[in-house]
file work.txt (compact mmCIF, C-alpha atoms)
# COMPACT_ATOMS: atom_id res chain seq x y z
CA MET I 16 2.13 -15.48 -33.45
CA PRO I 17 4.99 -17.52 -34.93
CA GLU I 18 8.23 -15.78 -35.71
CA ARG I 19 9.06 -15.11 -39.33
CA ASP I 20 11.48 -17.49 -40.99
CA GLU I 21 15.07 -16.49 -41.44
CA PRO I 22 15.85 -14.92 -44.84
CA GLY I 23 16.32 -17.62 -47.44
CA ASP I 24 14.88 -20.52 -45.44
CA LEU I 25 11.99 -21.15 -47.82
CA ALA I 26 14.27 -21.08 -50.86
CA LEU I 27 16.65 -23.47 -49.08
CA LEU I 28 13.80 -25.88 -48.28
CA THR I 29 12.39 -25.71 -51.79
CA ASP I 30 15.68 -26.35 -53.57
CA THR I 31 16.84 -29.09 -51.20
CA VAL I 32 13.53 -30.92 -51.12
CA ARG I 33 13.29 -30.86 -54.90
CA GLN I 34 16.70 -32.54 -55.16
CA ALA I 35 15.73 -35.05 -52.48
CA GLY I 36 12.55 -35.76 -54.42
CA ALA I 37 14.64 -36.72 -57.43
CA ILE I 38 16.33 -39.37 -55.29
CA ALA I 39 12.94 -40.74 -54.21
CA ARG I 40 11.77 -40.78 -57.83
CA ARG I 41 14.75 -42.85 -58.95
CA TYR I 42 14.00 -45.47 -56.32
CA PHE I 43 10.30 -45.40 -57.19
CA GLU I 44 11.06 -46.10 -60.84
CA GLY I 45 13.59 -48.83 -60.02
CA SER I 46 13.90 -51.48 -57.34
CA VAL I 47 13.89 -50.75 -53.63
CA LYS I 48 14.51 -52.80 -50.49
CA SER I 49 12.10 -52.39 -47.59
CA TRP I 50 11.54 -53.81 -44.12
CA SER I 51 9.45 -53.19 -41.01
CA LYS I 52 10.54 -50.88 -38.23
CA LYS I 53 9.91 -51.54 -34.56
CA GLY I 54 6.16 -51.12 -34.23
CA GLY I 55 5.46 -52.56 -37.66
CA SER I 56 5.50 -49.49 -39.92
CA PRO I 57 7.38 -49.90 -43.21
CA VAL I 58 10.64 -48.20 -44.14
CA SER I 59 12.77 -48.49 -47.25
CA GLU I 60 16.27 -47.72 -48.41
CA ALA I 61 14.70 -44.77 -50.24
CA ASP I 62 13.48 -43.27 -46.95
CA LEU I 63 16.99 -43.47 -45.55
CA ALA I 64 18.67 -42.11 -48.67
CA VAL I 65 16.34 -39.12 -48.82
CA ASP I 66 16.74 -38.50 -45.09
CA HIS I 67 20.53 -38.55 -45.44
CA TYR I 68 20.45 -36.07 -48.32
CA LEU I 69 18.15 -33.67 -46.50
CA ARG I 70 20.11 -33.86 -43.26
CA GLU I 71 23.47 -33.32 -44.93
CA HIS I 72 22.40 -30.38 -47.08
CA LEU I 73 19.99 -28.58 -44.74
CA ARG I 74 22.26 -28.79 -41.71
CA ALA I 75 25.29 -27.75 -43.74
CA ALA I 76 23.40 -24.59 -44.69
CA ARG I 77 22.02 -23.98 -41.17
CA PRO I 78 24.34 -25.74 -38.69
CA VAL I 79 22.76 -24.10 -35.63
CA TYR I 80 19.27 -25.38 -36.44
CA GLY I 81 17.93 -28.41 -34.59
CA TRP I 82 16.81 -31.55 -36.39
CA LEU I 83 13.72 -33.76 -36.08
CA SER I 84 13.05 -36.46 -38.67
CA GLU I 85 11.12 -39.70 -38.80
CA GLU I 86 14.21 -41.58 -39.93
CA THR I 87 16.86 -40.05 -37.64
CA PRO I 88 17.32 -40.99 -33.96
CA ASP I 89 15.90 -38.18 -31.86
CA ASP I 90 18.38 -35.70 -30.39
CA PRO I 91 16.99 -33.79 -27.36
CA ALA I 92 19.25 -30.86 -28.29
CA ARG I 93 16.50 -29.83 -30.71
CA LEU I 94 14.41 -28.68 -27.75
CA LYS I 95 16.86 -25.85 -27.04
CA ALA I 96 17.34 -24.74 -30.64
CA PRO I 97 15.56 -21.50 -31.66
CA HIS I 98 14.93 -23.01 -35.11
CA VAL I 99 14.39 -26.67 -35.93
CA PHE I 100 14.10 -28.55 -39.21
CA VAL I 101 11.15 -30.96 -39.06
CA VAL I 102 11.39 -33.49 -41.87
CA ASP I 103 9.59 -36.50 -43.31
CA PRO I 104 11.81 -37.98 -46.02
CA ILE I 105 8.93 -39.94 -47.57
CA ASP I 106 5.47 -39.29 -46.20
CA GLY I 107 3.35 -42.12 -47.55
CA THR I 108 5.86 -44.97 -47.62
CA ILE I 109 3.06 -47.51 -48.15
CA ALA I 110 1.95 -45.70 -51.30
CA PHE I 111 5.58 -45.43 -52.40
CA LEU I 112 6.16 -49.18 -52.00
CA LYS I 113 2.92 -49.98 -53.85
CA ARG I 114 4.08 -47.74 -56.71
CA ARG I 115 1.27 -45.26 -56.17
CA PRO I 116 2.22 -41.62 -56.91
CA HIS I 117 0.69 -40.33 -53.68
CA PHE I 118 3.76 -39.79 -51.52
CA THR I 119 5.59 -36.58 -50.63
CA VAL I 120 8.88 -35.24 -49.32
CA CYS I 121 8.25 -32.73 -46.52
CA ALA I 122 10.40 -30.23 -44.67
CA ALA I 123 9.60 -27.33 -42.35
CA VAL I 124 11.38 -24.83 -40.17
CA VAL I 125 9.77 -24.55 -36.74
CA ALA I 126 10.33 -21.69 -34.29
CA ALA I 127 8.65 -21.28 -30.89
CA GLY I 128 6.52 -24.36 -31.53
CA ARG I 129 5.05 -23.26 -34.85
CA PRO I 130 6.18 -23.71 -38.49
CA VAL I 131 7.50 -20.54 -40.12
CA ALA I 132 8.35 -22.08 -43.49
CA GLY I 133 7.39 -25.36 -45.12
CA VAL I 134 7.34 -27.31 -48.36
CA VAL I 135 5.49 -30.45 -49.43
CA TYR I 136 6.70 -31.96 -52.70
CA ASN I 137 5.24 -34.79 -54.76
CA PRO I 138 8.15 -35.82 -57.00
CA MET I 139 5.98 -38.00 -59.25
CA THR I 140 3.63 -35.17 -60.24
CA ASP I 141 6.23 -32.41 -59.76
CA GLU I 142 3.86 -30.50 -57.45
CA MET I 143 5.66 -28.22 -55.01
CA PHE I 144 3.50 -26.71 -52.27
CA ALA I 145 5.28 -23.99 -50.30
CA ALA I 146 4.57 -21.29 -47.72
CA GLN I 147 6.27 -19.02 -45.24
CA ALA I 148 4.81 -17.01 -42.38
CA GLY I 149 3.01 -13.94 -43.70
CA GLY I 150 3.87 -14.71 -47.33
CA GLY I 151 0.92 -16.72 -48.61
CA ALA I 152 0.80 -20.28 -49.93
CA PHE I 153 1.74 -21.50 -53.40
CA ARG I 154 1.60 -24.52 -55.68
CA ASN I 155 4.37 -24.44 -58.27
CA GLY I 156 4.67 -20.69 -57.75
CA LYS I 157 0.97 -19.86 -58.12
CA PRO I 158 -1.11 -18.66 -55.13
CA ILE I 159 -3.57 -21.15 -53.65
CA GLN I 160 -6.55 -20.79 -51.30
CA VAL I 161 -8.70 -23.16 -49.30
CA SER I 162 -12.28 -23.92 -50.22
CA ARG I 163 -14.84 -21.42 -48.92
CA ARG I 164 -17.46 -24.12 -48.43
CA GLY I 165 -19.60 -23.64 -45.35
CA GLY I 166 -21.86 -26.73 -45.32
CA LEU I 167 -20.51 -30.07 -44.13
CA GLU I 168 -23.03 -32.33 -45.86
CA GLY I 169 -21.76 -33.38 -49.28
CA SER I 170 -18.33 -31.82 -48.76
CA ALA I 171 -15.13 -33.40 -50.10
CA MET I 172 -13.41 -34.95 -47.08
CA LEU I 173 -9.97 -36.55 -46.85
CA GLY I 174 -9.39 -39.26 -44.27
CA ASN I 175 -10.11 -42.85 -43.38
CA ARG I 176 -13.42 -43.77 -44.99
CA ASP I 177 -14.52 -45.94 -42.05
CA SER I 178 -14.28 -42.92 -39.74
CA PHE I 179 -17.02 -41.07 -41.63
CA SER I 180 -19.42 -43.94 -42.32
CA ARG I 181 -21.57 -43.49 -39.23
CA ALA I 182 -23.24 -40.79 -37.12
CA PRO I 183 -22.74 -38.00 -36.31
CA TRP I 184 -21.24 -37.47 -39.79
CA PRO I 185 -23.63 -36.47 -42.59
CA PRO I 186 -23.18 -37.90 -46.11
CA LEU I 187 -19.75 -36.92 -47.44
CA HIS I 188 -17.56 -37.48 -50.49
CA VAL I 189 -14.62 -39.20 -48.81
CA GLN I 190 -11.20 -39.87 -50.34
CA ASN I 191 -7.95 -40.88 -48.75
CA ARG I 192 -4.24 -40.46 -49.42
CA ASN I 193 -1.55 -42.39 -47.60
CA SER I 194 0.49 -39.17 -47.27
CA VAL I 195 -1.10 -37.00 -44.59
CA ALA I 196 0.85 -34.01 -45.86
CA LEU I 197 -0.62 -34.54 -49.33
CA ARG I 198 -4.12 -34.54 -47.84
CA LEU I 199 -3.41 -31.19 -46.22
CA ALA I 200 -1.91 -29.78 -49.41
CA MET I 201 -5.10 -30.74 -51.23
CA VAL I 202 -7.10 -28.84 -48.61
CA ALA I 203 -4.79 -25.84 -49.00
CA GLU I 204 -5.35 -25.67 -52.77
CA GLY I 205 -9.11 -26.25 -52.50
CA ALA I 206 -9.03 -29.70 -54.15
CA ALA I 207 -10.70 -31.00 -50.98
CA ASP I 208 -12.80 -29.15 -48.42
CA ALA I 209 -11.37 -30.69 -45.26
CA ALA I 210 -9.08 -33.32 -43.78
CA VAL I 211 -9.78 -35.02 -40.46
CA SER I 212 -7.84 -37.57 -38.43
CA LEU I 213 -8.93 -38.60 -34.96
CA THR I 214 -5.80 -40.72 -34.47
CA ALA I 215 -2.37 -39.41 -33.50
CA LYS I 216 0.08 -38.09 -36.09
CA CYS I 217 3.74 -37.19 -35.66
CA ASP I 218 5.20 -33.71 -36.08
CA TRP I 219 6.96 -34.68 -39.30
CA ASP I 220 3.62 -35.69 -40.85
CA LEU I 221 2.12 -32.26 -40.29
CA ALA I 222 4.51 -29.36 -39.70
CA ALA I 223 5.33 -28.51 -43.33
CA ALA I 224 1.72 -28.79 -44.48
CA ASP I 225 0.39 -26.92 -41.44
CA ILE I 226 1.81 -23.58 -42.54
CA ILE I 227 0.69 -24.19 -46.12
CA VAL I 228 -2.93 -24.66 -44.98
CA SER I 229 -2.71 -21.64 -42.67
CA GLU I 230 -1.19 -19.35 -45.30
CA ALA I 231 -3.83 -20.52 -47.80
CA GLY I 232 -6.49 -19.10 -45.48
CA GLY I 233 -7.44 -22.33 -43.73
CA ARG I 234 -7.53 -23.40 -40.13
CA ILE I 235 -5.68 -26.39 -38.71
CA SER I 236 -6.04 -27.57 -35.12
CA ASP I 237 -6.72 -30.52 -32.86
CA ARG I 238 -10.31 -31.58 -32.24
CA GLN I 239 -10.62 -29.05 -29.40
CA GLY I 240 -9.70 -26.22 -31.77
CA SER I 241 -6.25 -25.62 -30.27
CA PRO I 242 -3.29 -24.88 -32.57
CA LEU I 243 -0.77 -27.68 -33.02
CA LEU I 244 2.49 -27.09 -31.19
CA TYR I 245 5.60 -28.70 -32.64
CA ASN I 246 9.04 -29.65 -31.38
CA GLN I 247 7.83 -30.63 -27.93
CA VAL I 248 9.38 -33.42 -25.83
CA ARG I 249 6.95 -35.89 -27.40
CA PRO I 250 6.57 -34.82 -31.05
CA VAL I 251 3.05 -36.18 -31.51
CA GLN I 252 -0.27 -34.48 -32.31
CA PRO I 253 -3.33 -36.29 -30.91
CA THR I 254 -5.86 -35.31 -33.57
CA LEU I 255 -6.12 -33.20 -36.71
CA ILE I 256 -8.82 -30.96 -38.20
CA ALA I 257 -7.99 -28.89 -41.31
CA ALA I 258 -10.48 -26.92 -43.40
CA GLY I 259 -11.58 -23.47 -44.46
CA PRO I 260 -12.68 -21.24 -41.55
CA LEU I 261 -16.43 -21.88 -41.84
CA LEU I 262 -16.20 -25.62 -42.33
CA HIS I 263 -13.56 -25.96 -39.63
CA GLY I 264 -15.99 -24.50 -37.11
CA GLU I 265 -18.75 -26.85 -38.24
CA ILE I 266 -16.50 -29.88 -37.85
CA LEU I 267 -15.47 -28.83 -34.34
CA ALA I 268 -19.11 -28.30 -33.37
CA LEU I 269 -20.05 -31.74 -34.69
CA LEU I 270 -17.22 -33.44 -32.80
CA ARG I 271 -18.32 -31.76 -29.55
CA GLN I 272 -21.68 -33.51 -29.78

call {"tool": "encode", "arguments": {"input": "work.txt", "output": "structure tokens"}}
result
Amino acid sequence: MPERDEPGDLALLTDTVRQAGAIARRYFEGSVKSWSKKGGSPVSEADLAVDHYLREHLRAARPVYGWLSEETPDDPARLKAPHVFVVDPIDGTIAFLKRRPHFTVCAAVVAAGRPVAGVVYNPMTDEMFAAQAGGGAFRNGKPIQVSRRGGLEGSAMLGNRDSFSRAPWPPLHVQNRNSVALRLAMVAEGAADAAVSLTAKCDWDLAAADIIVSEAGGRISDRQGSPLLYNQVRPVQPTLIAAGPLLHGEILALLRQ
């Protein structure tokens, strides 16, 4: 079982991420410079500005915590830290650059490989998803729960449409969001029944939303059903399955075929 978060960590994440979201919103509503990183993925001056704000304010409040962010060079010292901030300044940069309101600012505290507190914030819709270990999951302060759906056929699935267009998948209602964390938040609140990705995702894409899904009564794992472990030497998760308990089991069974 993951450790509980330190007192005040969730409030710290919520307040800091909300302020960082305001920075992202100003760039979204104005002009923003962008370029391609090594490997071809996009990054913008907004990503860097939000990352700087989060790093400065979160680490000032918790100087002994480690740090792992998409937009900060990796520091191996995080591997020895009992608590680590895992951050994605803008999850869904492509949506952000296309002026689509489907991006999020994400931050989690990870201890012993598992998130103990996390927030996912969409600054354009002012939706704040938050959870801490043992405390339940919330959207703008109101409790949320995953869907209780048990049948896979006809379910509302989030992911790449091409991945579900052939056997062994039954007919599904498939949507996608560029922000992986937003997909998981939608599962946590029951707006979608499941989210599946059979391609690798980084820790910062998932850690904050992981605890939100879990505290909302859902299950999140790799395709073998194993929990996702964060803050490892290589901060990458090979696959992702998130759903309510019944549907999660059905998806795992289908993928074993």

call {"tool": "closest_residue", "arguments": {"input": "work.txt", "among": "I:His188, I:Val202, I:Val58, I:Ala210", "to": "Thr254 in chain I", "atoms": "all atoms listed in the file"}}
result
I:Ala210

call {"tool": "closest_residue", "arguments": {"input": "work.txt", "among": "I:Lys53, I:Arg129, I:Arg77, I:Lys113", "to": "Asp225 in chain I", "atoms": "only C-alpha atoms"}}
result
I:Arg129

call {"tool": "closest_residue", "arguments": {"input": "work.txt", "among": "I:Val32, I:Leu112, I:Ala92, I:Val228", "to": "Glu60 in chain I", "atoms": "all atoms listed in the file"}}
result
I:Leu112

call {"tool": "residues_around", "arguments": {"input": "work.txt", "residues": "range 47-51 of chain I", "least_positions_apart": "6", "cutoff": "12 Å", "atoms": "only C-alpha atoms", "output": "ChimeraX atom specification"}}
result
/I:38-41,57-64,108-109,111-114

call {"tool": "closest_residue", "arguments": {"input": "work.txt", "among": "I:Ala146, I:Ala223, I:Val251, I:Val102", "to": "His67 in chain I", "atoms": "all atoms listed in the file"}}
result
I:Val102

call {"tool": "build_atoms", "arguments": {"input": "work.txt", "residues": "range 148-167 of chain I", "atoms": "N, CA and C atoms", "output": "compact mmCIF listing (two decimals), keeping the file's coordinate frame"}}
result
# COMPACT_ATOMS: atom_id res chain seq x y z
N ALA I 148 5.66 -17.82 -43.23
CA ALA I 148 4.81 -17.01 -42.38
C ALA I 148 4.60 -15.62 -42.97
N GLY I 149 3.35 -15.26 -43.18
CA GLY I 149 3.01 -13.94 -43.70
C GLY I 149 3.19 -13.78 -45.19
N GLY I 150 3.56 -14.85 -45.91
CA GLY I 150 3.87 -14.71 -47.33
C GLY I 150 2.91 -15.39 -48.27
N GLY I 151 1.85 -16.01 -47.75
CA GLY I 151 0.92 -16.72 -48.61
C GLY I 151 1.38 -18.13 -48.91
N ALA I 152 0.51 -18.89 -49.58
CA ALA I 152 0.80 -20.28 -49.93
C ALA I 152 0.75 -20.44 -51.44
N PHE I 153 1.57 -21.36 -51.96
CA PHE I 153 1.74 -21.50 -53.40
C PHE I 153 1.86 -22.96 -53.81
N ARG I 154 1.38 -23.23 -55.02
CA ARG I 154 1.60 -24.52 -55.68
C ARG I 154 2.31 -24.23 -56.98
N ASN I 155 3.53 -24.71 -57.09
CA ASN I 155 4.37 -24.44 -58.27
C ASN I 155 4.39 -22.95 -58.62
N GLY I 156 4.51 -22.13 -57.57
CA GLY I 156 4.67 -20.69 -57.75
C GLY I 156 3.40 -19.90 -57.89
N LYS I 157 2.24 -20.57 -57.96
CA LYS I 157 0.97 -19.86 -58.12
C LYS I 157 0.20 -19.87 -56.80
N PRO I 158 -0.40 -18.73 -56.41
CA PRO I 158 -1.11 -18.66 -55.13
C PRO I 158 -2.26 -19.67 -55.06
N ILE I 159 -2.47 -20.23 -53.88
CA ILE I 159 -3.57 -21.15 -53.65
C ILE I 159 -4.38 -20.68 -52.45
N GLN I 160 -5.65 -21.10 -52.40
CA GLN I 160 -6.55 -20.79 -51.30
C GLN I 160 -7.40 -21.99 -50.97
N VAL I 161 -7.81 -22.08 -49.72
CA VAL I 161 -8.70 -23.16 -49.30
C VAL I 161 -10.10 -22.93 -49.85
N SER I 162 -10.87 -24.00 -49.84
CA SER I 162 -12.28 -23.92 -50.22
C SER I 162 -13.03 -23.00 -49.25
N ARG I 163 -14.01 -22.29 -49.77
CA ARG I 163 -14.84 -21.42 -48.92
C ARG I 163 -16.15 -22.10 -48.53
N ARG I 164 -16.25 -23.38 -48.73
CA ARG I 164 -17.46 -24.12 -48.43
C ARG I 164 -17.84 -23.96 -46.97
N GLY I 165 -19.14 -23.81 -46.72
CA GLY I 165 -19.60 -23.64 -45.35
C GLY I 165 -20.49 -24.76 -44.86
N GLY I 166 -20.98 -25.65 -45.74
CA GLY I 166 -21.86 -26.73 -45.32
C GLY I 166 -21.13 -28.05 -45.32
N LEU I 167 -21.25 -28.81 -44.24
CA LEU I 167 -20.51 -30.07 -44.13
C LEU I 167 -21.10 -31.17 -45.00
